[in-house]
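Chemist: Next comes final09.cif, mmCIF, C-alpha atoms:
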data_target
#
loop_
_atom_site.label_atom_id
_atom_site.label_comp_id
_atom_site.auth_asym_id
_atom_site.auth_seq_id
_atom_site.Cartn_x
_atom_site.Cartn_y
_atom_site.Cartn_z
CA MET A 1 -17.32 9.07 8.36
CA LEU A 2 -13.60 8.69 7.63
CA THR A 3 -12.82 11.82 9.62
CA ALA A 4 -14.84 10.51 12.57
CA LEU A 5 -12.94 7.21 12.44
CA ILE A 6 -9.57 8.98 12.45
CA VAL A 7 -10.60 11.13 15.41
CA GLU A 8 -11.84 8.12 17.40
CA ALA A 9 -8.65 6.18 16.62
CA ARG A 10 -6.56 9.05 17.95
CA LYS A 11 -8.68 9.22 21.09
CA LEU A 12 -8.14 5.51 21.69
CA ASN A 13 -4.41 5.93 21.15
CA ARG A 14 -4.34 8.46 23.99
CA SER A 15 -6.44 6.33 26.35
CA LEU A 16 -5.90 3.09 28.26
CA ALA A 17 -7.43 1.09 25.42
CA LEU A 18 -4.05 -0.06 24.11
CA LEU A 19 -3.03 -1.22 27.57
CA LEU A 20 -6.26 -3.20 27.86
CA ALA A 21 -5.78 -4.62 24.35
CA VAL A 22 -2.38 -6.02 25.33
CA ALA A 23 -3.06 -6.95 28.95
CA ALA A 24 -6.02 -9.28 28.37
CA PRO A 25 -4.30 -11.58 25.82
CA CYS A 26 -1.11 -11.50 27.91
CA LEU A 27 -2.98 -12.92 30.89
CA ILE A 28 -4.04 -15.91 28.80
CA GLY A 29 -0.48 -16.26 27.52
CA ILE A 30 0.92 -16.28 31.07
CA PHE A 31 -1.63 -18.91 32.11
CA THR A 32 -0.77 -21.05 29.08
CA PHE A 33 2.97 -20.76 29.79
CA PHE A 34 2.79 -21.93 33.40
CA ASN A 35 0.07 -24.49 32.73
CA MET A 36 2.24 -26.04 30.03
CA LEU A 37 5.25 -26.21 32.36
CA ARG A 38 3.16 -28.33 34.73
CA GLY A 39 2.91 -31.04 32.09
CA LYS A 40 5.18 -34.06 31.79
CA ALA A 41 4.37 -35.18 28.26
CA PRO A 42 3.99 -33.25 24.99
CA MET A 43 0.51 -32.28 23.82
CA PRO A 44 -0.73 -31.41 20.31
CA TRP A 45 -0.41 -27.87 19.01
CA ASP A 46 -4.11 -27.86 18.32
CA MET A 47 -4.91 -28.50 21.98
CA TRP A 48 -2.92 -25.53 23.25
CA MET A 49 -4.14 -23.08 20.63
CA THR A 50 -7.80 -24.14 20.80
CA SER A 51 -7.72 -24.10 24.60
CA SER A 52 -6.45 -20.53 24.53
CA SER A 53 -9.20 -19.50 22.11
CA GLY A 54 -11.72 -21.19 24.38
CA ILE A 55 -10.59 -19.19 27.41
CA TRP A 56 -10.71 -16.03 25.32
CA ALA A 57 -14.23 -16.75 24.02
CA PHE A 58 -15.66 -17.94 27.32
CA PHE A 59 -14.44 -15.33 29.78
CA MET A 60 -11.77 -12.87 28.70
CA LEU A 61 -13.51 -11.58 25.57
CA PRO A 62 -16.82 -10.68 27.33
CA MET A 63 -14.99 -8.98 30.19
CA SER A 64 -12.67 -7.15 27.78
CA VAL A 65 -15.66 -5.90 25.76
CA THR A 66 -17.29 -4.70 28.99
CA ALA A 67 -14.18 -2.74 29.97
CA LEU A 68 -13.50 -1.44 26.45
CA THR A 69 -17.00 -0.13 25.77
CA ALA A 70 -17.11 1.53 29.20
CA LEU A 71 -13.73 3.13 28.49
CA VAL A 72 -14.76 4.40 25.05
CA ALA A 73 -18.00 5.83 26.43
CA HIS A 74 -16.29 7.44 29.43
CA MET A 75 -14.01 9.43 27.12
CA GLU A 76 -17.12 11.51 26.37
CA HIS A 77 -19.16 10.96 29.54
CA GLY A 78 -16.29 11.99 31.83
CA PRO A 79 -15.62 15.50 30.49
CA LYS A 80 -19.31 15.87 29.48
CA ALA A 81 -18.29 16.32 25.86
CA TRP A 82 -21.47 14.99 24.23
CA ASP A 83 -23.08 18.41 23.80
CA HIS A 84 -20.02 19.61 21.89
CA LEU A 85 -19.79 16.50 19.70
CA ARG A 86 -23.48 16.45 18.86
CA ALA A 87 -23.36 20.17 17.92
CA LEU A 88 -20.67 19.63 15.28
CA PRO A 89 -21.77 20.17 11.64
CA ARG A 90 -21.85 16.50 10.68
CA PRO A 91 -24.44 13.70 10.96
CA ARG A 92 -24.74 12.54 14.55
CA TRP A 93 -24.81 8.89 13.57
CA THR A 94 -21.22 9.08 12.32
CA ILE A 95 -20.02 9.78 15.88
CA TYR A 96 -21.54 6.60 17.27
CA ALA A 97 -20.81 4.51 14.17
CA ALA A 98 -17.13 5.47 14.34
CA LYS A 99 -16.99 4.48 18.01
CA ALA A 100 -18.67 1.14 17.26
CA VAL A 101 -16.25 0.40 14.40
CA CYS A 102 -13.28 1.22 16.63
CA VAL A 103 -14.55 -1.08 19.38
CA LEU A 104 -15.05 -3.97 16.94
CA THR A 105 -11.61 -3.34 15.42
CA VAL A 106 -9.88 -3.38 18.80
CA VAL A 107 -11.67 -6.61 19.78
CA ALA A 108 -10.57 -8.20 16.48
CA ALA A 109 -6.97 -7.09 17.09
CA MET A 110 -7.09 -8.49 20.63
CA SER A 111 -8.38 -11.81 19.29
CA LEU A 112 -5.49 -12.11 16.84
CA LEU A 113 -3.01 -10.92 19.44
CA ASN A 114 -4.22 -13.67 21.77
CA LEU A 115 -3.34 -16.19 19.07
CA ALA A 116 0.15 -14.72 18.65
CA ILE A 117 0.85 -14.48 22.38
CA THR A 118 -0.31 -18.06 22.93
CA TYR A 119 2.13 -19.21 20.26
CA ALA A 120 4.92 -17.26 21.97
CA ALA A 121 3.94 -18.70 25.37
CA VAL A 122 4.12 -22.26 24.03
CA ARG A 123 7.50 -21.62 22.43
CA GLY A 124 8.73 -20.05 25.67
CA ALA A 125 7.61 -23.05 27.71
CA VAL A 126 9.36 -25.39 25.26
CA ALA A 127 12.56 -23.35 25.60
CA VAL A 128 12.43 -23.96 29.37
CA LYS A 129 11.31 -27.59 29.11
CA PRO A 130 12.18 -29.03 25.64
CA VAL A 131 10.46 -32.35 26.34
CA LEU A 132 7.12 -30.54 26.01
CA GLU A 133 7.60 -29.73 22.31
CA PRO A 134 4.02 -29.89 20.92
CA THR A 135 3.16 -32.72 18.58
CA GLY A 136 1.45 -32.50 15.21
CA ALA A 137 1.40 -29.63 12.76
CA LEU A 138 0.36 -26.11 13.71
CA ASP A 139 -2.54 -25.18 11.43
CA LEU A 140 -2.56 -21.40 11.73
CA THR A 141 -5.22 -21.01 9.05
CA ARG A 142 -7.66 -23.18 11.01
CA GLN A 143 -6.91 -21.31 14.22
CA ALA A 144 -7.30 -17.92 12.54
CA LEU A 145 -10.68 -18.98 11.10
CA LEU A 146 -11.78 -20.12 14.56
CA VAL A 147 -10.77 -16.76 16.04
CA GLY A 148 -12.65 -15.02 13.24
CA ARG A 149 -15.82 -16.97 13.97
CA ILE A 150 -15.51 -16.19 17.68
CA TRP A 151 -15.23 -12.48 16.85
CA LEU A 152 -18.28 -12.60 14.58
CA ALA A 153 -20.33 -14.48 17.17
CA ALA A 154 -19.39 -11.85 19.76
CA ILE A 155 -20.84 -8.92 17.77
CA LEU A 156 -24.23 -9.25 19.49
CA LEU A 157 -22.83 -9.05 23.02
CA THR A 158 -20.55 -6.23 21.88
CA ALA A 159 -23.53 -4.33 20.47
CA ILE A 160 -25.47 -4.74 23.72
CA GLN A 161 -22.53 -3.54 25.80
CA PHE A 162 -21.87 -0.65 23.42
CA TRP A 163 -25.51 0.48 23.50
CA THR A 164 -25.65 0.36 27.30
CA ALA A 165 -22.31 2.11 27.82
CA MET A 166 -23.17 4.92 25.41
CA ARG A 167 -26.74 5.37 26.62
CA PHE A 168 -25.99 5.93 30.31
CA ALA A 169 -23.52 8.49 31.64
CA SER A 170 -22.80 6.27 34.64
CA PHE A 171 -20.53 3.29 34.01
CA VAL A 172 -22.51 1.16 36.50
CA PRO A 173 -25.25 -0.07 34.10
CA ALA A 174 -22.68 -1.19 31.52
CA LEU A 175 -20.59 -2.99 34.14
CA ALA A 176 -23.69 -4.61 35.63
CA VAL A 177 -24.78 -5.91 32.22
CA GLY A 178 -21.29 -7.22 31.41
CA ILE A 179 -20.66 -8.88 34.76
CA GLY A 180 -24.19 -10.29 34.87
CA GLY A 181 -23.97 -11.68 31.35
CA THR A 182 -20.60 -13.32 32.01
CA PHE A 183 -21.83 -14.72 35.33
CA PHE A 184 -24.88 -16.41 33.82
CA SER A 185 -22.76 -17.64 30.93
CA VAL A 186 -20.38 -19.36 33.36
CA VAL A 187 -22.99 -20.92 35.65
CA ALA A 188 -25.14 -22.10 32.73
CA THR A 189 -22.31 -23.46 30.60
CA SER A 190 -23.94 -26.81 29.87
CA ALA A 191 -27.42 -25.41 29.18
CA ARG A 192 -28.69 -26.42 25.76
CA GLN A 193 -30.43 -23.05 25.44
CA GLY A 194 -27.09 -21.29 25.95
CA VAL A 195 -26.65 -21.11 22.19
CA PHE A 196 -29.29 -18.34 22.21
CA PHE A 197 -27.60 -16.37 25.01
CA PRO A 198 -25.34 -13.58 23.59
CA TRP A 199 -22.54 -14.17 26.12
CA GLN A 200 -22.35 -17.87 25.25
CA MET A 201 -22.38 -17.45 21.48
CA PRO A 202 -18.59 -17.01 21.13
CA ILE A 203 -17.76 -20.20 23.08
CA ASN A 204 -20.25 -22.12 20.97
CA MET A 205 -17.82 -21.74 18.07
CA LEU A 206 -15.91 -24.59 19.70
CA ALA A 207 -18.96 -26.87 19.89
CA THR A 208 -18.84 -30.24 18.18
CA GLU A 209 -22.46 -29.99 17.04
CA ALA A 210 -22.78 -28.14 13.74
CA TRP A 211 -26.23 -26.71 14.57
CA ARG A 212 -24.86 -25.00 17.68
CA VAL A 213 -22.00 -23.43 15.73
CA ASN A 214 -24.24 -22.27 12.88
CA THR A 215 -26.99 -20.97 15.16
CA ALA A 216 -24.64 -19.03 17.43
CA LEU A 217 -22.71 -17.64 14.47
CA GLY A 218 -25.84 -16.59 12.61
CA LEU A 219 -27.45 -14.94 15.63
CA GLY A 220 -24.23 -13.43 16.96
CA ALA A 221 -23.19 -11.86 13.66
CA GLY A 222 -26.52 -11.23 11.92
CA LEU A 223 -28.60 -10.11 14.88
CA GLY A 224 -25.53 -8.39 16.31
CA LEU A 225 -25.19 -6.12 13.28
CA ALA A 226 -28.92 -5.35 13.41
CA VAL A 227 -28.69 -4.42 17.10
CA LEU A 228 -25.60 -2.30 16.43
CA ILE A 229 -27.41 -0.37 13.69
CA ALA A 230 -30.41 0.09 15.99
CA ALA A 231 -28.10 1.33 18.75
CA VAL A 232 -26.48 3.91 16.48
CA ALA A 233 -29.89 5.10 15.24
CA HIS A 234 -31.31 5.32 18.78
CA LEU A 235 -28.30 7.10 20.27
CA SER A 236 -28.28 9.61 17.42
CA VAL A 237 -31.70 10.97 18.34
CA ARG A 238 -31.71 10.56 22.12
CA GLU A 239 -29.97 12.63 24.76
CA VAL A 240 -27.44 10.95 27.04
CA ARG A 241 -28.37 10.76 30.73
#
Represent the supplied structure as structure tokens.
Modeler:
Amino acid sequence: MLTALIVEARKLNRSLALLLAVAAPCLIGIFTFFNMLRGKAPMPWDMWMTSSSGIWAFFMLPMSVTALTALVAHMEHGPKAWDHLRALPRPRWTIYAAKAVCVLTVVAAMSLLNLAITYAAVRGAVAVKPVLEPTGALDLTRQALLVGRIWLAAILLTAIQFWTAMRFASFVPALAVGIGGTFFSVVATSARQGVFFPWQMPINMLATEAWRVNTALGLGAGLGLAVLIAAVAHLSVREVR
């Protein structure tokens, strides 16, 4: 398993995954920077950091997962390398498990990077317009825990995207699932039942109602891991088409 992880990490290092990992959080940072410059009065640190995490959870994370899983799958689909990989003298499940672990690791890194870039964006805006110096104390521990919960709640949607991207050689099904899930998440934002929809589980980490947070976190992380295990087991015994 360790060997498979090292191989997948090297593949990602030679792909566009790193560019994606940096570009998505940077877009939120740029938005935060210019949005802050529009203000005339200082706002609390918590507002800026939580707002950034909300944008990440609501839109940028689902779209990034869609692109990342499609990219990871295409590294094998493109050159038609599955026959070679599946013929190697090692358990097939390790191939898919290593890819899944790499995807989850990259998403976690992007989540933390978003936090760091948002901080830099706020400091940059303050350097341009000192009157906007945020008020209150910056509780990085609280923000990091929020980001961690968002990542855990996103495991289910990540598992669904991963399963779809790996199962089909064409990238169209994976993109359709990702775009469709994000679309319905946006148009049904206020729906009470949204807590049970995988694409809305991450944003529910910012809900004020404890039951919504706990339900989305439990389903997103617990059911997500179960779906991910099922995906690895299914892909290990089924041919890719």
Chemist: For this structure, which residues satisfy the selection - the PyMOL selection byres ((chain A and resi 49) around 12) - when it is evaluated on the file as given? I want them as a ChimeraX atom specification.
Modeler: /A:28-29,32-33,36,43-48,50-56,112,114-123,134,137-144,146-147,206
Chemist: Which is closest to A:Gly181 among A:Ala231, A:Leu132, A:Ala17, A:Met201, if we use all atoms listed in the file?
Modeler: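 Smallest distance to A:Gly181 is found for A:Met201.
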Chemist: Please measure the separation of atom CA of A:Tyr96 and atom CA of A:Met110, giving the value in Å to one decimal.
Modeler: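 Separation between atom CA of A:Tyr96 and atom CA of A:Met110: 21.2 Å.
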Chemist: Which residues of stretch 40-120 of chain A sit at most 9 Å from stretch 151-164 of chain A, using all atoms listed in the file? Give each one's shortest atom pair and distance in Å (one decimal place), in chain and ascending residue order, as JSON lines.
Modeler:
{"residue": "A:Ala57", "atom": "CA", "partner": "A:Ala154", "partner_atom": "CA", "distance": 8.3}
{"residue": "A:Leu61", "atom": "CA", "partner": "A:Ala154", "partner_atom": "CA", "distance": 8.3}
{"residue": "A:Pro62", "atom": "CA", "partner": "A:Leu157", "partner_atom": "CA", "distance": 7.6}
{"residue": "A:Val65", "atom": "CA", "partner": "A:Thr158", "partner_atom": "CA", "distance": 6.3}
{"residue": "A:Thr66", "atom": "CA", "partner": "A:Gln161", "partner_atom": "CA", "distance": 6.2}
{"residue": "A:Leu68", "atom": "CA", "partner": "A:Phe162", "partner_atom": "CA", "distance": 8.9}
{"residue": "A:Thr69", "atom": "CA", "partner": "A:Phe162", "partner_atom": "CA", "distance": 5.4}
{"residue": "A:Ala70", "atom": "CA", "partner": "A:Phe162", "partner_atom": "CA", "distance": 7.8}
{"residue": "A:Val72", "atom": "CA", "partner": "A:Phe162", "partner_atom": "CA", "distance": 8.9}
{"residue": "A:Ala73", "atom": "CA", "partner": "A:Phe162", "partner_atom": "CA", "distance": 8.1}
{"residue": "A:Lys99", "atom": "CA", "partner": "A:Phe162", "partner_atom": "CA", "distance": 8.9}
{"residue": "A:Ala100", "atom": "CA", "partner": "A:Phe162", "partner_atom": "CA", "distance": 7.2}
{"residue": "A:Val103", "atom": "CA", "partner": "A:Thr158", "partner_atom": "CA", "distance": 8.3}
{"residue": "A:Leu104", "atom": "CA", "partner": "A:Ile155", "partner_atom": "CA", "distance": 7.7}
{"residue": "A:Val107", "atom": "CA", "partner": "A:Trp151", "partner_atom": "CA", "distance": 7.5}
{"residue": "A:Ala108", "atom": "CA", "partner": "A:Trp151", "partner_atom": "CA", "distance": 6.3}
{"residue": "A:Ser111", "atom": "CA", "partner": "A:Trp151", "partner_atom": "CA", "distance": 7.3}
Chemist: Would you mind reading off the distance between atom CA of A:Leu27 and atom CA of A:Ala67, one decimal, in Å?
Modeler: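 These two atoms are separated by 15.2 Å.
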Chemist: I'd like the interatomic distance between atom CA of A:Ala188 and atom CA of A:Gly218, to a tenth of an Å.
Modeler: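 Separating atom CA of A:Ala188 from atom CA of A:Gly218 is a distance of 20.9 Å.
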Chemist: So what does the PyMOL selection byres ((chain A and resi 213) around 10) actually pick up in this one, as a PyMOL selection string?
Modeler: chain A and resi 149-150+153+195+201-212+214-218
Chemist: Please produce an output containing C-alpha atoms for each residue in the selection, written as a JSON list (two decimals), in the coordinates of the input.
Modeler:
[["chain", "number", "residue", "atom", "x", "y", "z"],
["A", 149, "ARG", "CA", -15.82, -16.97, 13.97],
["A", 150, "ILE", "CA", -15.51, -16.19, 17.68],
["A", 153, "ALA", "CA", -20.33, -14.48, 17.17],
["A", 195, "VAL", "CA", -26.65, -21.11, 22.19],
["A", 201, "MET", "CA", -22.38, -17.45, 21.48],
["A", 202, "PRO", "CA", -18.59, -17.01, 21.13],
["A", 203, "ILE", "CA", -17.76, -20.20, 23.08],
["A", 204, "ASN", "CA", -20.25, -22.12, 20.97],
["A", 205, "MET", "CA", -17.82, -21.74, 18.07],
["A", 206, "LEU", "CA", -15.91, -24.59, 19.70],
["A", 207, "ALA", "CA", -18.96, -26.87, 19.89],
["A", 208, "THR", "CA", -18.84, -30.24, 18.18],
["A", 209, "GLU", "CA", -22.46, -29.99, 17.04],
["A", 210, "ALA", "CA", -22.78, -28.14, 13.74],
["A", 211, "TRP", "CA", -26.23, -26.71, 14.57],
["A", 212, "ARG", "CA", -24.86, -25.00, 17.68],
["A", 214, "ASN", "CA", -24.24, -22.27, 12.88],
["A", 215, "THR", "CA", -26.99, -20.97, 15.16],
["A", 216, "ALA", "CA", -24.64, -19.03, 17.43],
["A", 217, "LEU", "CA", -22.71, -17.64, 14.47],
["A", 218, "GLY", "CA", -25.84, -16.59, 12.61]]
Chemist: Would you please work out which residue, of A:Lys129, A:Met166, A:Leu219, A:Leu37, is nearest to A:Ala97 when using all atoms listed in the file?
Modeler: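 Nearest candidate to A:Ala97 out of A:Lys129, A:Met166, A:Leu219, A:Leu37: A:Met166.
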Chemist: Write out as JSON an axis-aligned box for stretch 220-225 of chain A: all of its atoms listed in the file, 5 Å added on each side, centre and edge lengths in Å with one decimal.
Modeler:
{"center_x": -25.9, "center_y": -9.8, "center_z": 14.4, "size_x": 15.4, "size_y": 17.3, "size_z": 15.0}
Chemist: So that I can see what lies close to A:Val187, please list as a list in words the residues with an atom at most 12 Å from it, counting only C-alpha atoms and leaving out residues fewer than 6 positions away in the same chain.
Modeler: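 Here the answer would be Phe58, Phe59, Gly180, Gly181, Gly194, Trp199 and Gln200 of chain A.
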Chemist: Point out the residue among A:Val106, A:Val22, A:Val186, A:Ala41 with the least atom-to-atom distance to A:Glu133, counting all atoms listed in the file.
Modeler: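 Closest candidate: A:Ala41.
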